[in-house]
Structure formats: C-alpha cells, structure tokens
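Coordinates as given in protein-v4.cif (mmCIF, C-alpha atoms):
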data_work
#
loop_
_atom_site.group_PDB
_atom_site.id
_atom_site.type_symbol
_atom_site.label_atom_id
_atom_site.label_comp_id
_atom_site.auth_asym_id
_atom_site.auth_seq_id
_atom_site.Cartn_x
_atom_site.Cartn_y
_atom_site.Cartn_z
ATOM 1 C CA ASN A 76 108.227 61.508 23.989
ATOM 2 C CA ALA A 77 108.481 63.499 27.175
ATOM 3 C CA GLY A 78 111.176 65.850 25.863
ATOM 4 C CA VAL A 79 112.353 68.122 28.680
ATOM 5 C CA THR A 80 110.583 67.759 32.005
ATOM 6 C CA GLN A 81 110.970 70.092 34.958
ATOM 7 C CA THR A 82 109.899 69.377 38.504
ATOM 8 C CA PRO A 83 108.358 70.932 40.440
ATOM 9 C CA LYS A 84 106.195 73.249 38.315
ATOM 10 C CA PHE A 85 105.421 75.571 41.234
ATOM 11 C CA ARG A 86 107.035 76.126 44.584
ATOM 12 C CA VAL A 87 106.776 78.679 47.370
ATOM 13 C CA LEU A 88 109.743 79.015 49.694
ATOM 14 C CA LYS A 89 110.564 81.099 52.704
ATOM 15 C CA THR A 90 113.744 83.143 52.744
ATOM 16 C CA GLY A 91 116.668 80.967 53.735
ATOM 17 C CA GLN A 92 115.127 77.657 52.714
ATOM 18 C CA SER A 93 116.831 75.418 50.204
ATOM 19 C CA MET A 94 115.437 73.515 47.277
ATOM 20 C CA THR A 95 116.403 71.710 44.096
ATOM 21 C CA LEU A 96 114.846 71.959 40.673
ATOM 22 C CA LEU A 97 115.164 68.859 38.544
ATOM 23 C CA CYS A 98 115.438 68.896 34.790
ATOM 24 C CA ALA A 99 115.244 65.625 32.915
ATOM 25 C CA GLN A 100 115.553 65.097 29.176
ATOM 26 C CA ASP A 101 115.062 61.894 27.250
ATOM 27 C CA MET A 102 116.615 63.001 23.948
ATOM 28 C CA ASN A 103 120.215 62.061 24.747
ATOM 29 C CA HIS A 104 121.253 65.709 24.451
ATOM 30 C CA GLU A 105 124.729 66.711 25.496
ATOM 31 C CA TYR A 106 124.109 70.359 26.309
ATOM 32 C CA MET A 107 121.763 71.491 29.038
ATOM 33 C CA TYR A 108 120.986 74.962 30.343
ATOM 34 C CA TRP A 109 119.194 76.678 33.190
ATOM 35 C CA TYR A 110 117.650 80.081 32.545
ATOM 36 C CA ARG A 111 115.595 82.425 34.641
ATOM 37 C CA GLN A 112 112.935 84.676 33.174
ATOM 38 C CA ASP A 113 112.003 87.929 34.842
ATOM 39 C CA PRO A 114 109.721 90.710 33.542
ATOM 40 C CA GLY A 115 111.599 93.026 31.229
ATOM 41 C CA MET A 116 114.809 91.013 31.547
ATOM 42 C CA GLY A 117 114.253 88.253 29.032
ATOM 43 C CA LEU A 118 115.965 84.931 29.580
ATOM 44 C CA ARG A 119 119.198 85.013 31.517
ATOM 45 C CA LEU A 120 121.561 82.085 31.663
ATOM 46 C CA ILE A 121 122.299 80.811 35.163
ATOM 47 C CA HIS A 122 124.456 77.748 34.548
ATOM 48 C CA TYR A 123 124.976 75.317 31.738
ATOM 49 C CA SER A 124 126.555 71.947 31.038
ATOM 50 C CA VAL A 125 128.202 70.624 27.915
ATOM 51 C CA GLY A 126 128.146 67.014 29.037
ATOM 52 C CA GLU A 127 127.828 64.604 31.915
ATOM 53 C CA GLY A 128 129.994 65.654 34.825
ATOM 54 C CA THR A 129 130.567 69.195 33.518
ATOM 55 C CA THR A 130 129.046 72.493 34.574
ATOM 56 C CA ALA A 131 129.842 76.128 33.891
ATOM 57 C CA LYS A 132 128.643 79.504 35.042
ATOM 58 C CA GLY A 133 126.396 81.628 32.936
ATOM 59 C CA GLU A 134 125.389 85.240 33.219
ATOM 60 C CA VAL A 135 123.752 85.181 36.685
ATOM 61 C CA PRO A 136 125.177 82.221 38.662
ATOM 62 C CA ASP A 137 125.313 83.728 42.148
ATOM 63 C CA GLY A 138 123.126 81.979 44.701
ATOM 64 C CA TYR A 139 122.737 78.857 42.571
ATOM 65 C CA ASN A 140 124.566 75.573 42.236
ATOM 66 C CA VAL A 141 124.155 72.852 39.643
ATOM 67 C CA SER A 142 125.095 69.251 39.074
ATOM 68 C CA ARG A 143 125.076 66.957 36.054
ATOM 69 C CA LEU A 144 125.820 63.532 37.468
ATOM 70 C CA LYS A 145 123.811 61.791 34.771
ATOM 71 C CA LYS A 146 123.574 62.871 31.168
ATOM 72 C CA GLN A 147 119.815 63.091 31.235
ATOM 73 C CA ASN A 148 119.504 65.153 34.415
ATOM 74 C CA PHE A 149 120.548 68.692 35.256
ATOM 75 C CA LEU A 150 119.817 69.862 38.796
ATOM 76 C CA LEU A 151 119.590 73.478 39.906
ATOM 77 C CA GLY A 152 119.972 74.109 43.614
ATOM 78 C CA LEU A 153 119.220 77.098 45.777
ATOM 79 C CA GLU A 154 121.095 76.738 49.063
ATOM 80 C CA SER A 155 119.540 79.722 50.829
ATOM 81 C CA ALA A 156 116.667 81.198 48.885
ATOM 82 C CA ALA A 157 116.246 84.965 48.669
ATOM 83 C CA PRO A 158 113.280 87.031 47.430
ATOM 84 C CA SER A 159 115.440 88.136 44.474
ATOM 85 C CA GLN A 160 115.312 84.543 43.267
ATOM 86 C CA THR A 161 111.573 84.734 42.725
ATOM 87 C CA SER A 162 111.331 83.946 39.034
ATOM 88 C CA VAL A 163 110.287 81.474 36.391
ATOM 89 C CA TYR A 164 113.037 78.972 35.710
ATOM 90 C CA PHE A 165 113.457 77.235 32.398
ATOM 91 C CA CYS A 166 115.602 74.274 31.611
ATOM 92 C CA ALA A 167 116.661 73.621 28.038
ATOM 93 C CA SER A 168 118.694 71.083 26.169
ATOM 94 C CA ARG A 169 120.108 70.673 22.721
ATOM 95 C CA TRP A 170 121.683 68.057 20.565
ATOM 96 C CA THR A 171 125.050 68.631 18.991
ATOM 97 C CA SER A 172 126.956 66.728 16.336
ATOM 98 C CA GLY A 173 130.212 68.410 17.281
ATOM 99 C CA ARG A 174 130.042 70.489 14.125
ATOM 100 C CA GLU A 175 127.800 73.433 14.730
ATOM 101 C CA SER A 176 127.019 73.843 11.049
ATOM 102 C CA LEU A 177 125.298 70.462 11.108
ATOM 103 C CA ASN A 178 123.069 71.288 14.032
ATOM 104 C CA THR A 179 119.733 73.018 13.929
ATOM 105 C CA GLY A 180 120.752 74.695 17.149
ATOM 106 C CA GLU A 181 117.222 74.383 18.412
ATOM 107 C CA LEU A 182 116.864 74.580 22.139
ATOM 108 C CA PHE A 183 114.217 72.312 23.614
ATOM 109 C CA PHE A 184 112.673 73.923 26.652
ATOM 110 C CA GLY A 185 110.848 72.550 29.616
ATOM 111 C CA GLU A 186 107.530 74.052 30.643
ATOM 112 C CA GLY A 187 109.078 76.213 33.311
ATOM 113 C CA SER A 188 109.069 76.206 37.102
ATOM 114 C CA ARG A 189 107.566 79.146 38.930
ATOM 115 C CA LEU A 190 109.378 79.812 42.178
ATOM 116 C CA THR A 191 108.244 82.345 44.767
ATOM 117 C CA VAL A 192 110.456 83.240 47.708
ATOM 118 C CA LEU A 193 108.697 85.045 50.535
ATOM 119 C CA ALA B 281 130.755 91.770 23.888
ATOM 120 C CA GLN B 282 127.825 89.650 22.834
ATOM 121 C CA LYS B 283 124.456 91.289 23.024
ATOM 122 C CA VAL B 284 120.951 91.109 21.605
ATOM 123 C CA THR B 285 118.682 94.134 21.657
ATOM 124 C CA GLN B 286 114.960 94.067 21.117
ATOM 125 C CA ALA B 287 114.047 97.696 21.517
ATOM 126 C CA GLN B 288 110.310 97.167 21.164
ATOM 127 C CA THR B 289 108.973 96.136 24.532
ATOM 128 C CA GLU B 290 105.368 95.798 23.446
ATOM 129 C CA ILE B 291 103.507 96.165 20.166
ATOM 130 C CA SER B 292 99.765 96.167 19.623
ATOM 131 C CA VAL B 293 98.204 95.666 16.218
ATOM 132 C CA VAL B 294 94.767 94.969 14.895
ATOM 133 C CA GLU B 295 94.161 91.599 13.321
ATOM 134 C CA LYS B 296 95.237 91.349 9.660
ATOM 135 C CA GLU B 297 97.815 94.095 10.001
ATOM 136 C CA ASP B 298 101.446 93.346 9.206
ATOM 137 C CA VAL B 299 103.945 93.762 12.016
ATOM 138 C CA THR B 300 107.730 93.704 12.195
ATOM 139 C CA LEU B 301 109.685 92.801 15.301
ATOM 140 C CA ASP B 302 113.186 94.217 15.418
ATOM 141 C CA CYS B 303 116.316 92.453 16.602
ATOM 142 C CA VAL B 304 119.794 93.956 16.652
ATOM 143 C CA TYR B 305 122.784 91.916 17.737
ATOM 144 C CA GLU B 306 126.422 92.477 18.619
ATOM 145 C CA THR B 307 129.189 89.941 18.317
ATOM 146 C CA ARG B 308 132.827 89.786 17.317
ATOM 147 C CA ASP B 309 132.505 86.207 16.133
ATOM 148 C CA THR B 310 132.617 85.700 12.390
ATOM 149 C CA THR B 311 130.527 82.568 12.712
ATOM 150 C CA TYR B 312 127.342 82.855 14.695
ATOM 151 C CA TYR B 313 123.713 81.832 14.623
ATOM 152 C CA LEU B 314 120.542 83.786 15.175
ATOM 153 C CA PHE B 315 117.213 82.479 16.365
ATOM 154 C CA TRP B 316 113.669 83.499 17.016
ATOM 155 C CA TYR B 317 111.552 81.853 19.704
ATOM 156 C CA LYS B 318 107.888 82.355 20.506
ATOM 157 C CA GLN B 319 106.413 82.261 24.002
ATOM 158 C CA PRO B 320 102.604 82.140 23.864
ATOM 159 C CA PRO B 321 100.492 82.940 26.947
ATOM 160 C CA SER B 322 100.711 79.293 27.994
ATOM 161 C CA GLY B 323 104.394 79.908 28.764
ATOM 162 C CA GLU B 324 106.301 77.363 26.751
ATOM 163 C CA LEU B 325 109.092 78.460 24.432
ATOM 164 C CA VAL B 326 108.797 77.427 20.810
ATOM 165 C CA PHE B 327 111.608 77.475 18.271
ATOM 166 C CA LEU B 328 110.739 79.359 15.074
ATOM 167 C CA ILE B 329 113.891 79.737 13.002
ATOM 168 C CA ARG B 330 117.673 79.680 12.940
ATOM 169 C CA ARG B 331 119.996 81.505 10.536
ATOM 170 C CA ASN B 332 123.767 81.259 10.335
ATOM 171 C CA SER B 333 126.043 84.195 9.715
ATOM 172 C CA PHE B 334 126.995 83.023 6.236
ATOM 173 C CA ASP B 335 123.476 82.878 4.907
ATOM 174 C CA GLU B 336 121.844 86.247 4.400
ATOM 175 C CA GLN B 337 118.964 84.975 2.337
ATOM 176 C CA ASN B 338 115.623 86.043 3.634
ATOM 177 C CA GLU B 339 113.307 83.279 4.657
ATOM 178 C CA ILE B 340 109.570 82.951 4.408
ATOM 179 C CA SER B 341 107.410 80.403 6.143
ATOM 180 C CA GLY B 342 103.738 80.972 5.597
ATOM 181 C CA ARG B 343 102.849 84.325 7.144
ATOM 182 C CA TYR B 344 106.257 84.592 8.811
ATOM 183 C CA SER B 345 109.330 86.072 7.186
ATOM 184 C CA TRP B 346 112.778 86.954 8.416
ATOM 185 C CA ASN B 347 115.158 89.605 7.126
ATOM 186 C CA PHE B 348 118.803 89.068 8.054
ATOM 187 C CA GLN B 349 121.178 91.950 7.279
ATOM 188 C CA LYS B 350 124.776 91.656 8.432
ATOM 189 C CA SER B 351 125.509 95.230 7.385
ATOM 190 C CA THR B 352 123.157 96.523 10.069
ATOM 191 C CA SER B 353 123.514 93.534 12.450
ATOM 192 C CA SER B 354 119.801 92.999 12.347
ATOM 193 C CA PHE B 355 117.552 89.967 12.144
ATOM 194 C CA ASN B 356 114.003 91.244 11.912
ATOM 195 C CA PHE B 357 110.848 89.179 11.975
ATOM 196 C CA THR B 358 107.691 90.099 10.076
ATOM 197 C CA ILE B 359 104.266 88.607 10.531
ATOM 198 C CA THR B 360 101.950 89.244 7.616
ATOM 199 C CA ALA B 361 98.206 89.440 8.156
ATOM 200 C CA SER B 362 98.553 88.957 11.893
ATOM 201 C CA GLN B 363 96.107 86.802 13.794
ATOM 202 C CA VAL B 364 95.048 86.711 17.416
ATOM 203 C CA VAL B 365 96.951 83.430 17.822
ATOM 204 C CA ASP B 366 100.155 85.324 17.063
ATOM 205 C CA SER B 367 99.828 87.108 20.395
ATOM 206 C CA ALA B 368 102.909 86.104 22.346
ATOM 207 C CA VAL B 369 106.287 87.235 23.537
ATOM 208 C CA TYR B 370 108.920 86.815 20.853
ATOM 209 C CA PHE B 371 112.577 86.399 21.689
ATOM 210 C CA CYS B 372 115.543 86.867 19.433
ATOM 211 C CA ALA B 373 118.692 84.954 20.401
ATOM 212 C CA LEU B 374 122.338 84.782 19.403
ATOM 213 C CA LEU B 375 124.434 81.631 19.612
ATOM 214 C CA THR B 376 128.114 82.301 20.037
ATOM 215 C CA THR B 377 130.659 79.836 18.790
ATOM 216 C CA SER B 378 133.679 81.197 20.608
ATOM 217 C CA GLY B 379 134.448 79.074 23.646
ATOM 218 C CA THR B 380 131.485 76.901 24.568
ATOM 219 C CA TYR B 381 128.143 77.407 22.971
ATOM 220 C CA LYS B 382 125.982 79.830 24.882
ATOM 221 C CA TYR B 383 122.765 81.422 23.787
ATOM 222 C CA ILE B 384 122.170 85.089 24.485
ATOM 223 C CA PHE B 385 118.566 86.172 24.471
ATOM 224 C CA GLY B 386 117.060 89.587 23.956
ATOM 225 C CA THR B 387 114.560 90.918 26.444
ATOM 226 C CA GLY B 388 111.658 89.979 24.216
ATOM 227 C CA THR B 389 108.849 91.825 22.432
ATOM 228 C CA ARG B 390 105.300 91.286 23.578
ATOM 229 C CA LEU B 391 102.959 91.275 20.593
ATOM 230 C CA LYS B 392 99.266 91.802 21.155
ATOM 231 C CA VAL B 393 97.000 91.170 18.201
ATOM 232 C CA LEU B 394 93.549 92.607 18.768
ATOM 233 C CA ALA B 395 90.470 91.163 17.129
#
Now that the file is in, can you turn its structure into structure tokens?
Amino acid sequence: NAGVTQTPKFRVLKTGQSMTLLCAQDMNHEYMYWYRQDPGMGLRLIHYSVGEGTTAKGEVPDGYNVSRLKKQNFLLGLESAAPSQTSVYFCASRWTSGRESLNTGELFFGEGSRLTVL
Amino acid sequence: AQKVTQAQTEISVVEKEDVTLDCVYETRDTTYYLFWYKQPPSGELVFLIRRNSFDEQNEISGRYSWNFQKSTSSFNFTITASQVVDSAVYFCALLTTSGTYKYIFGTGTRLKVLA
C-alpha cells in the first residue's frame, strides 16, 4: 500500500512563482491535513479537509490555498511564493468512524516536501 | 485556548540511560485525545500512542511508557534503557473534539542518544 504520497519531494522556487503540492492517499480517509514544519516551531496546521469538496483554514493559512475535488487528493497551492514559505510540508490523513471514541486517531503522514523559496 | 507545550527543546543522554520527555497541554474540552509521534532523522512521522481523556491508566510498550495525569495536564513519555535508534524528534499532540477535529502539535523535543 502506498499510504500517503506527496509530490514533489523537493522544489526550489523564486519569489513570486506559483506551485502546487499534491497529496494522494489510498486509504479512503475522510480527513486530510496540510502542515508545515519549521525549526523550533513544530508542526503548524495550514489547511484541512473533513471530506470531499470541503476545506477549512488552520493555524497559518495565509498565502496558501487548497482544494479537495476528489476524496483521495488534497492539493496545496502557493499563488505567489515568498521566502517565508520556505519549509517542509507534510500532508496527513486519518480515518474516522464518525464516533471519535472508536477511532485510533492515528494520523498517517506523507514523507514530506521540502520547499525552498529564493 | 488549545495548546501543547514541550518545554525541553533538546535532550542528550548516554545509551542505556532512562529519559523522560515532558508534555503539558491546555484545553477546555472535557473529551480530548493525546498523542505522541516520533520523527527519526529520515524525516517521516511515526505514530506511537494515543490516550483519551477518560483513561488515565499508564501504558507501557516495551521500553516505552507513558504517564497521563489530568490533575497536572501532563502526558509524559519515558524511554527506559535508551538506545541510539531512539534518537529522533518527539512530538506530543492534542486532538480537540470541539468543532471539527484538529490536531495541535507541540514544538517537539529532539532526543540525542549517544553511544
């Protein structure tokens, strides 16, 4: 099983360029998340989705957009990249039964995408 | 406010020593879930454990043990007889059940186990 796959794994952008990170999961999970990881800051939630066609803002949404047109895919877009968006981006997904007490709550993470904005 | 604090930024121990990683959380929810994740040098994030707010029993899994105390809002993680392979960044996380389900991560503790 592939689990959660992120593409690309590495990317270098110039300030002002745009790009899209793709997250794909093959576990039929409802919930998907995009995090960024920066030194000393831990994992911060950018956007998340609780199902196909839904998205919501997380802790640090500015400068990013997302779409969840298909259940298995969650796209993170940078319309005009800035050096402050240099980071490692992680996608995650989780299964839910609708009753939280029945879920393990485990987040399945992708391998991360390292983005550098010059 | 929902918050997770891991005050220890970095810990170094010598192999075979015991080490405890601290995690303090804040939430007004009565039902919540706490997690620990491990991030080895290779970068992936690995789930270790989940506890719910109604279960304060300590848990042991091999050399790993977790101490959950609601009275002090803490969920500490102890590695007994540490090994070099335990070297990683460890994250504590809180899952809130109010509104939609969002995970809040601490800033992580980098553990270095020296041979």
Practice problem: To verify the selection step, state as number ranges by chain which residues the PyMOL selection byres ((chain B) within 12 of (chain A)) yields on this input. | Solution: B: 282-290, 311-335, 369-390
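Using all atoms listed in the file, the nearest neighbour of Thr80 in chain A within the list A:Gln100, A:Ser188, A:Ser142, A:Gln147 is A:Gln100.
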Quiz item: How would you write, as a PyMOL selection string, the residues chosen by the PyMOL selection byres ((chain A and resi 82) around 7) on this structure?
Solution: chain A and resi 80-81+83-84+96-98
Quiz item: If the PyMOL selection byres ((chain B and resi 294-303) around 6) is run on the structure shown, which residues does it catch, given as a PyMOL selection string?
Solution: chain B and resi 285-286+293+304+354-363+393-395
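Interatomic distance, CA of Ala77 in chain A against CA of Leu190 in chain A: 22.2 Å.
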Skip His122 in chain A itself and residues of its chain fewer than 4 positions away, then list as a tab-separated table (two decimals) with C-alpha atoms, in the coordinates of the input all residues within 9 Å of it, counting all atoms listed in the file.
chain	number	residue	atom	x	y	z
A	107	MET	CA	121.76	71.49	29.04
A	108	TYR	CA	120.99	74.96	30.34
A	109	TRP	CA	119.19	76.68	33.19
A	110	TYR	CA	117.65	80.08	32.54
A	130	THR	CA	129.05	72.49	34.57
A	131	ALA	CA	129.84	76.13	33.89
A	132	LYS	CA	128.64	79.50	35.04
A	133	GLY	CA	126.40	81.63	32.94
A	134	GLU	CA	125.39	85.24	33.22
A	135	VAL	CA	123.75	85.18	36.68
A	136	PRO	CA	125.18	82.22	38.66
A	139	TYR	CA	122.74	78.86	42.57
A	140	ASN	CA	124.57	75.57	42.24
A	141	VAL	CA	124.16	72.85	39.64
A	151	LEU	CA	119.59	73.48	39.91
Practice problem: One decimal, Å: what's the distance from CA of Thr307 in chain B over to CA of Glu105 in chain A, could you say? | Solution: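 Between these atoms lies a distance of 24.7 Å.
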Quiz item: At what distance in Å, to one decimal, does CA of Met94 in chain A lie from CA of Val79 in chain A?
Solution: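 Interatomic distance here is 19.6 Å.
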Self-check item: Shortest interatomic distance to Arg86 in chain A - which of A:Gly126, A:His104, A:Thr171, A:Ser162, counting all atoms listed in the file
Solution: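 Checking each of A:Gly126, A:His104, A:Thr171, A:Ser162 against Arg86 in chain A, counting all atoms listed in the file, the winner is A:Ser162.
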Quiz item: Any idea what's packed within 10 Å of Gly91 in chain A, counting only C-alpha atoms, ignoring anything in its chain fewer than 3 positions away? Could you give it as an NGL selection string?
Solution: :A and (88 or 94 or 153-158 or 192-193)
Padding of 3 Å on every side, edges along x, y and z, all listed atoms of range 180-189 of chain A included: what centre and edge lengths in Å, to one decimal, does that box have, as AutoDock Vina command-line options?
--center_x 114.1 --center_y 75.7 --center_z 28.0 --size_x 19.2 --size_y 12.8 --size_z 27.8
Quiz item: Between A:Arg143, A:Ser93, A:Asp101, A:Gly152, which has the minimum distance to Arg169 in chain A (counting all atoms listed in the file)?
Solution: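 Looking at the shortest contact to Arg169 in chain A, the residue is A:Asp101.
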All heavy atoms are what I want for range 285-296 of chain B; can you complete it accordingly and write them as a PDB file, keeping the file's coordinate frame?
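Below is the file result-v1.pdb, written as the result:
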ATOM      1  N   THR B 285     119.574  93.046  21.256  1.00  0.00           N
ATOM      2  CA  THR B 285     118.682  94.134  21.657  1.00  0.00           C
ATOM      3  C   THR B 285     117.364  94.039  20.910  1.00  0.00           C
ATOM      4  O   THR B 285     117.330  94.006  19.675  1.00  0.00           O
ATOM      5  CB  THR B 285     119.323  95.503  21.376  1.00  0.00           C
ATOM      6  OG1 THR B 285     120.559  95.601  22.100  1.00  0.00           O
ATOM      7  CG2 THR B 285     118.397  96.623  21.817  1.00  0.00           C
ATOM      8  N   GLN B 286     116.307  93.982  21.671  1.00  0.00           N
ATOM      9  CA  GLN B 286     114.960  94.067  21.117  1.00  0.00           C
ATOM     10  C   GLN B 286     114.356  95.323  21.725  1.00  0.00           C
ATOM     11  O   GLN B 286     113.867  95.308  22.845  1.00  0.00           O
ATOM     12  CB  GLN B 286     114.147  92.819  21.474  1.00  0.00           C
ATOM     13  CG  GLN B 286     114.684  91.548  20.849  1.00  0.00           C
ATOM     14  CD  GLN B 286     113.850  90.345  21.220  1.00  0.00           C
ATOM     15  OE1 GLN B 286     114.246  89.535  22.047  1.00  0.00           O
ATOM     16  NE2 GLN B 286     112.695  90.207  20.591  1.00  0.00           N
ATOM     17  N   ALA B 287     114.416  96.386  20.974  1.00  0.00           N
ATOM     18  CA  ALA B 287     114.047  97.696  21.517  1.00  0.00           C
ATOM     19  C   ALA B 287     112.550  97.829  21.742  1.00  0.00           C
ATOM     20  O   ALA B 287     112.117  98.612  22.597  1.00  0.00           O
ATOM     21  CB  ALA B 287     114.541  98.800  20.588  1.00  0.00           C
ATOM     22  N   GLN B 288     111.763  97.081  21.023  1.00  0.00           N
ATOM     23  CA  GLN B 288     110.310  97.167  21.164  1.00  0.00           C
ATOM     24  C   GLN B 288     109.876  96.277  22.327  1.00  0.00           C
ATOM     25  O   GLN B 288     109.948  95.074  22.257  1.00  0.00           O
ATOM     26  CB  GLN B 288     109.623  96.703  19.874  1.00  0.00           C
ATOM     27  CG  GLN B 288     110.038  97.439  18.638  1.00  0.00           C
ATOM     28  CD  GLN B 288     109.899  96.558  17.402  1.00  0.00           C
ATOM     29  OE1 GLN B 288     110.399  95.444  17.378  1.00  0.00           O
ATOM     30  NE2 GLN B 288     109.212  97.050  16.382  1.00  0.00           N
ATOM     31  N   THR B 289     109.401  96.905  23.369  1.00  0.00           N
ATOM     32  CA  THR B 289     108.973  96.136  24.532  1.00  0.00           C
ATOM     33  C   THR B 289     107.612  95.504  24.265  1.00  0.00           C
ATOM     34  O   THR B 289     107.382  94.334  24.593  1.00  0.00           O
ATOM     35  CB  THR B 289     108.881  97.047  25.756  1.00  0.00           C
ATOM     36  OG1 THR B 289     110.136  97.686  25.943  1.00  0.00           O
ATOM     37  CG2 THR B 289     108.524  96.249  26.998  1.00  0.00           C
ATOM     38  N   GLU B 290     106.712  96.292  23.706  1.00  0.00           N
ATOM     39  CA  GLU B 290     105.368  95.798  23.446  1.00  0.00           C
ATOM     40  C   GLU B 290     104.812  96.457  22.188  1.00  0.00           C
ATOM     41  O   GLU B 290     105.026  97.647  21.961  1.00  0.00           O
ATOM     42  CB  GLU B 290     104.450  96.087  24.637  1.00  0.00           C
ATOM     43  CG  GLU B 290     103.071  95.511  24.515  1.00  0.00           C
ATOM     44  CD  GLU B 290     102.289  95.574  25.819  1.00  0.00           C
ATOM     45  OE1 GLU B 290     102.835  95.180  26.858  1.00  0.00           O
ATOM     46  OE2 GLU B 290     101.134  96.036  25.776  1.00  0.00           O
ATOM     47  N   ILE B 291     104.154  95.658  21.378  1.00  0.00           N
ATOM     48  CA  ILE B 291     103.507  96.165  20.166  1.00  0.00           C
ATOM     49  C   ILE B 291     102.073  95.664  20.148  1.00  0.00           C
ATOM     50  O   ILE B 291     101.815  94.491  20.424  1.00  0.00           O
ATOM     51  CB  ILE B 291     104.223  95.645  18.891  1.00  0.00           C
ATOM     52  CG1 ILE B 291     105.694  96.050  18.889  1.00  0.00           C
ATOM     53  CG2 ILE B 291     103.528  96.156  17.643  1.00  0.00           C
ATOM     54  CD1 ILE B 291     106.467  95.437  17.724  1.00  0.00           C
ATOM     55  N   SER B 292     101.165  96.567  19.802  1.00  0.00           N
ATOM     56  CA  SER B 292      99.765  96.167  19.623  1.00  0.00           C
ATOM     57  C   SER B 292      99.351  96.462  18.195  1.00  0.00           C
ATOM     58  O   SER B 292      99.624  97.541  17.681  1.00  0.00           O
ATOM     59  CB  SER B 292      98.853  96.936  20.579  1.00  0.00           C
ATOM     60  OG  SER B 292      99.085  96.539  21.912  1.00  0.00           O
ATOM     61  N   VAL B 293      98.714  95.483  17.569  1.00  0.00           N
ATOM     62  CA  VAL B 293      98.204  95.666  16.218  1.00  0.00           C
ATOM     63  C   VAL B 293      96.800  95.099  16.163  1.00  0.00           C
ATOM     64  O   VAL B 293      96.386  94.308  17.021  1.00  0.00           O
ATOM     65  CB  VAL B 293      99.087  94.966  15.158  1.00  0.00           C
ATOM     66  CG1 VAL B 293     100.495  95.564  15.164  1.00  0.00           C
ATOM     67  CG2 VAL B 293      99.131  93.473  15.364  1.00  0.00           C
ATOM     68  N   VAL B 294      96.088  95.513  15.136  1.00  0.00           N
ATOM     69  CA  VAL B 294      94.767  94.969  14.895  1.00  0.00           C
ATOM     70  C   VAL B 294      94.911  93.790  13.930  1.00  0.00           C
ATOM     71  O   VAL B 294      95.758  93.796  13.035  1.00  0.00           O
ATOM     72  CB  VAL B 294      93.830  96.044  14.303  1.00  0.00           C
ATOM     73  CG1 VAL B 294      92.473  95.455  13.972  1.00  0.00           C
ATOM     74  CG2 VAL B 294      93.690  97.205  15.286  1.00  0.00           C
ATOM     75  N   GLU B 295      94.114  92.802  14.154  1.00  0.00           N
ATOM     76  CA  GLU B 295      94.161  91.599  13.321  1.00  0.00           C
ATOM     77  C   GLU B 295      94.213  91.966  11.841  1.00  0.00           C
ATOM     78  O   GLU B 295      93.567  92.903  11.389  1.00  0.00           O
ATOM     79  CB  GLU B 295      92.931  90.742  13.595  1.00  0.00           C
ATOM     80  CG  GLU B 295      93.118  89.274  13.314  1.00  0.00           C
ATOM     81  CD  GLU B 295      91.976  88.428  13.834  1.00  0.00           C
ATOM     82  OE1 GLU B 295      90.886  88.983  14.092  1.00  0.00           O
ATOM     83  OE2 GLU B 295      92.180  87.213  13.986  1.00  0.00           O
ATOM     84  N   LYS B 296      95.013  91.222  11.103  1.00  0.00           N
ATOM     85  CA  LYS B 296      95.237  91.349   9.660  1.00  0.00           C
ATOM     86  C   LYS B 296      96.282  92.400   9.310  1.00  0.00           C
ATOM     87  O   LYS B 296      96.670  92.504   8.137  1.00  0.00           O
ATOM     88  CB  LYS B 296      93.938  91.615   8.889  1.00  0.00           C
ATOM     89  CG  LYS B 296      92.918  90.485   8.999  1.00  0.00           C
ATOM     90  CD  LYS B 296      91.682  90.742   8.165  1.00  0.00           C
ATOM     91  CE  LYS B 296      90.666  89.622   8.373  1.00  0.00           C
ATOM     92  NZ  LYS B 296      89.416  89.863   7.609  1.00  0.00           N
TER      93      LYS B 296
END
